[in-house]
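Take a look at the structure below.
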Amino acid sequence: MSKIINHHRALIYVMVTMSGVDGLIGEKELKRIGRIVKHLPVFKTFDKDELTAAAQECGEILQQEKGGLEAILGLIKDALPPPLEDTAYALACEVAAADLVVGREELRFLAMLRDALGLDKLITAAIERGVIARHKSFPGIQ
């Protein structure tokens, strides 16, 4: 594939793909992506006005008749330096948890992302556990 993206776009592609992998891009997921891009240090130098264009670009690639998801995974893998690979996985988990329901398609994408980036299963399990802990609620505690 001749298209080249930077690490910011790769992370956005991860989040947008996670959001849309179940066929629906929910409002909670979109808001979560916006907050992540606005507040996380990895996006400090990213022009926030480019978020919509990057998300649309990702959506167009995903809608290709053949190989859209594989193309996205290839772009992500090629664009991310190793220190940001676990960050990408963590962002995918955060977006998956945004609506407090993680479906089969989302779990499948997480596995595909883990494999594409060559992430250790123990590291990904720790990331998943951290996201679960952050999103857990307990009756009587607000």
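Here, A, B, ... name the chains of the structure tokens in the order displayed, residue numbers run from 1 inside each chain, and ligands are numbered from 1 in the same displayed order.
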**OP:** Skip Arg114 of chain A itself and residues of its chain fewer than 5 positions away, then list as a list in words all residues within 10 Å of it, counting only C-alpha atoms.
**Re:** Glu85, Asp86, Ala88, Tyr89, Arg108, Phe109, Leu119, Asp120, Lys121, Ile123 and Thr124 of chain A
Subject >> Contacts of segment 58-70 of chain A within 10 Å, only C-alpha atoms, excl. fewer than 4 positions in-chain, as a list in words >> reply: Arg9, Ala10, Ile12, Tyr13, Val14, Met15, Val16, Thr17, Gly20, Val21, Thr52, Ala53, Ala54, Gly74, Leu75, Ile76, Phe109, Met112 and Ala116 of chain A
Show me, as an mmCIF file with all heavy atoms, in the first residue's frame, the residues that have an atom within 9 Å of Glu106 of chain A when counting only C-alpha atoms, minus same-chain residues fewer than 4 positions from it.
```cif
data_model
loop_
_atom_site.group_PDB
_atom_site.id
_atom_site.type_symbol
_atom_site.label_atom_id
_atom_site.label_comp_id
_atom_site.auth_asym_id
_atom_site.auth_seq_id
_atom_site.Cartn_x
_atom_site.Cartn_y
_atom_site.Cartn_z
ATOM 1 N N MET A 18 -12.088 0.697 15.981
ATOM 2 C CA MET A 18 -12.725 0.052 17.124
ATOM 3 C C MET A 18 -14.164 0.534 17.269
ATOM 4 O O MET A 18 -15.074 -0.255 17.523
ATOM 5 C CB MET A 18 -11.942 0.332 18.411
ATOM 6 C CG MET A 18 -12.608 -0.245 19.659
ATOM 7 S SD MET A 18 -12.998 -2.012 19.555
ATOM 8 C CE MET A 18 -11.396 -2.703 19.795
ATOM 9 N N SER A 19 -14.369 1.807 17.096
ATOM 10 C CA SER A 19 -15.711 2.362 17.232
ATOM 11 C C SER A 19 -16.675 1.796 16.198
ATOM 12 O O SER A 19 -17.833 1.530 16.508
ATOM 13 C CB SER A 19 -15.642 3.889 17.094
ATOM 14 O OG SER A 19 -16.917 4.448 17.181
ATOM 15 N N GLY A 20 -16.202 1.583 14.990
ATOM 16 C CA GLY A 20 -17.090 1.153 13.916
ATOM 17 C C GLY A 20 -17.102 -0.329 13.617
ATOM 18 O O GLY A 20 -17.871 -0.783 12.776
ATOM 19 N N VAL A 21 -16.300 -1.104 14.300
ATOM 20 C CA VAL A 21 -16.170 -2.520 13.969
ATOM 21 C C VAL A 21 -17.474 -3.294 14.177
ATOM 22 O O VAL A 21 -17.716 -4.300 13.521
ATOM 23 C CB VAL A 21 -14.986 -3.155 14.732
ATOM 24 C CG1 VAL A 21 -15.311 -3.428 16.180
ATOM 25 C CG2 VAL A 21 -14.506 -4.404 14.045
ATOM 26 N N ASP A 22 -18.336 -2.813 15.046
ATOM 27 C CA ASP A 22 -19.612 -3.489 15.272
ATOM 28 C C ASP A 22 -20.718 -2.955 14.367
ATOM 29 O O ASP A 22 -21.880 -3.329 14.512
ATOM 30 C CB ASP A 22 -20.032 -3.383 16.739
ATOM 31 C CG ASP A 22 -20.229 -1.952 17.205
ATOM 32 O OD1 ASP A 22 -20.012 -1.016 16.401
ATOM 33 O OD2 ASP A 22 -20.595 -1.762 18.376
ATOM 34 N N ALA A 92 -7.620 1.485 21.933
ATOM 35 C CA ALA A 92 -8.684 0.629 21.400
ATOM 36 C C ALA A 92 -9.558 0.106 22.535
ATOM 37 O O ALA A 92 -10.793 0.100 22.429
ATOM 38 C CB ALA A 92 -8.084 -0.532 20.606
ATOM 39 N N CYS A 93 -8.943 -0.303 23.619
ATOM 40 C CA CYS A 93 -9.699 -0.797 24.776
ATOM 41 C C CYS A 93 -10.566 0.297 25.373
ATOM 42 O O CYS A 93 -11.716 0.052 25.753
ATOM 43 C CB CYS A 93 -8.750 -1.359 25.833
ATOM 44 S SG CYS A 93 -7.944 -2.905 25.373
ATOM 45 N N ALA A 96 -13.548 0.778 23.148
ATOM 46 C CA ALA A 96 -14.441 -0.381 23.270
ATOM 47 C C ALA A 96 -15.275 -0.286 24.535
ATOM 48 O O ALA A 96 -16.451 -0.657 24.557
ATOM 49 C CB ALA A 96 -13.646 -1.681 23.248
ATOM 50 N N VAL A 102 -18.741 -4.594 25.499
ATOM 51 C CA VAL A 102 -17.729 -5.003 24.534
ATOM 52 C C VAL A 102 -18.244 -6.267 23.845
ATOM 53 O O VAL A 102 -18.360 -7.315 24.466
ATOM 54 C CB VAL A 102 -16.365 -5.254 25.208
ATOM 55 C CG1 VAL A 102 -15.330 -5.687 24.183
ATOM 56 C CG2 VAL A 102 -15.901 -3.998 25.935
ATOM 57 N N LEU A 110 -9.700 -6.463 18.703
ATOM 58 C CA LEU A 110 -8.605 -6.369 19.669
ATOM 59 C C LEU A 110 -7.577 -7.487 19.428
ATOM 60 O O LEU A 110 -6.371 -7.245 19.473
ATOM 61 C CB LEU A 110 -9.127 -6.435 21.107
ATOM 62 C CG LEU A 110 -9.796 -5.168 21.629
ATOM 63 C CD1 LEU A 110 -10.437 -5.432 22.991
ATOM 64 C CD2 LEU A 110 -8.809 -4.016 21.706
ATOM 65 N N ALA A 111 -8.059 -8.686 19.152
ATOM 66 C CA ALA A 111 -7.155 -9.803 18.878
ATOM 67 C C ALA A 111 -6.368 -9.560 17.590
ATOM 68 O O ALA A 111 -5.154 -9.820 17.524
ATOM 69 C CB ALA A 111 -7.935 -11.114 18.795
#
```
Original post:
Which distance in Å separates atom CA of Ile25 of chain A and atom CA of Val95 of chain A, to one decimal?
Top reply: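 For atom CA of Ile25 of chain A relative to atom CA of Val95 of chain A, the distance reads 10.4 Å.
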Original post:
So which residues of chain A fall under alpha helix (DSSP H) by DSSP, listed as a ChimeraX atom specification?
Top reply: /A:7-20,27-39,51-62,68-79,85-96,104-117,121-135
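Nearest to Phe46 of chain A of all the residues A:Lys136, A:Arg104, A:Lys31, A:His7 is A:His7, based on only C-alpha atoms.
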Subject >> For Leu30 of chain A, the nearest of the candidates A:Glu105, A:Asp49, A:Glu128, A:Asp99, counting only C-alpha atoms >> reply: A:Asp99
Original post:
Closest to Gly26 of chain A among A:Ile132, A:Val101, A:Leu113, A:Ala79, using only C-alpha atoms?
Top reply: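 That would be A:Val101, the residue with the smallest distance to Gly26 of chain A.
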Original post:
Interatomic distance between atom CA of Pro82 of chain A and atom CA of Glu94 of chain A?
Top reply: 19.6 Å
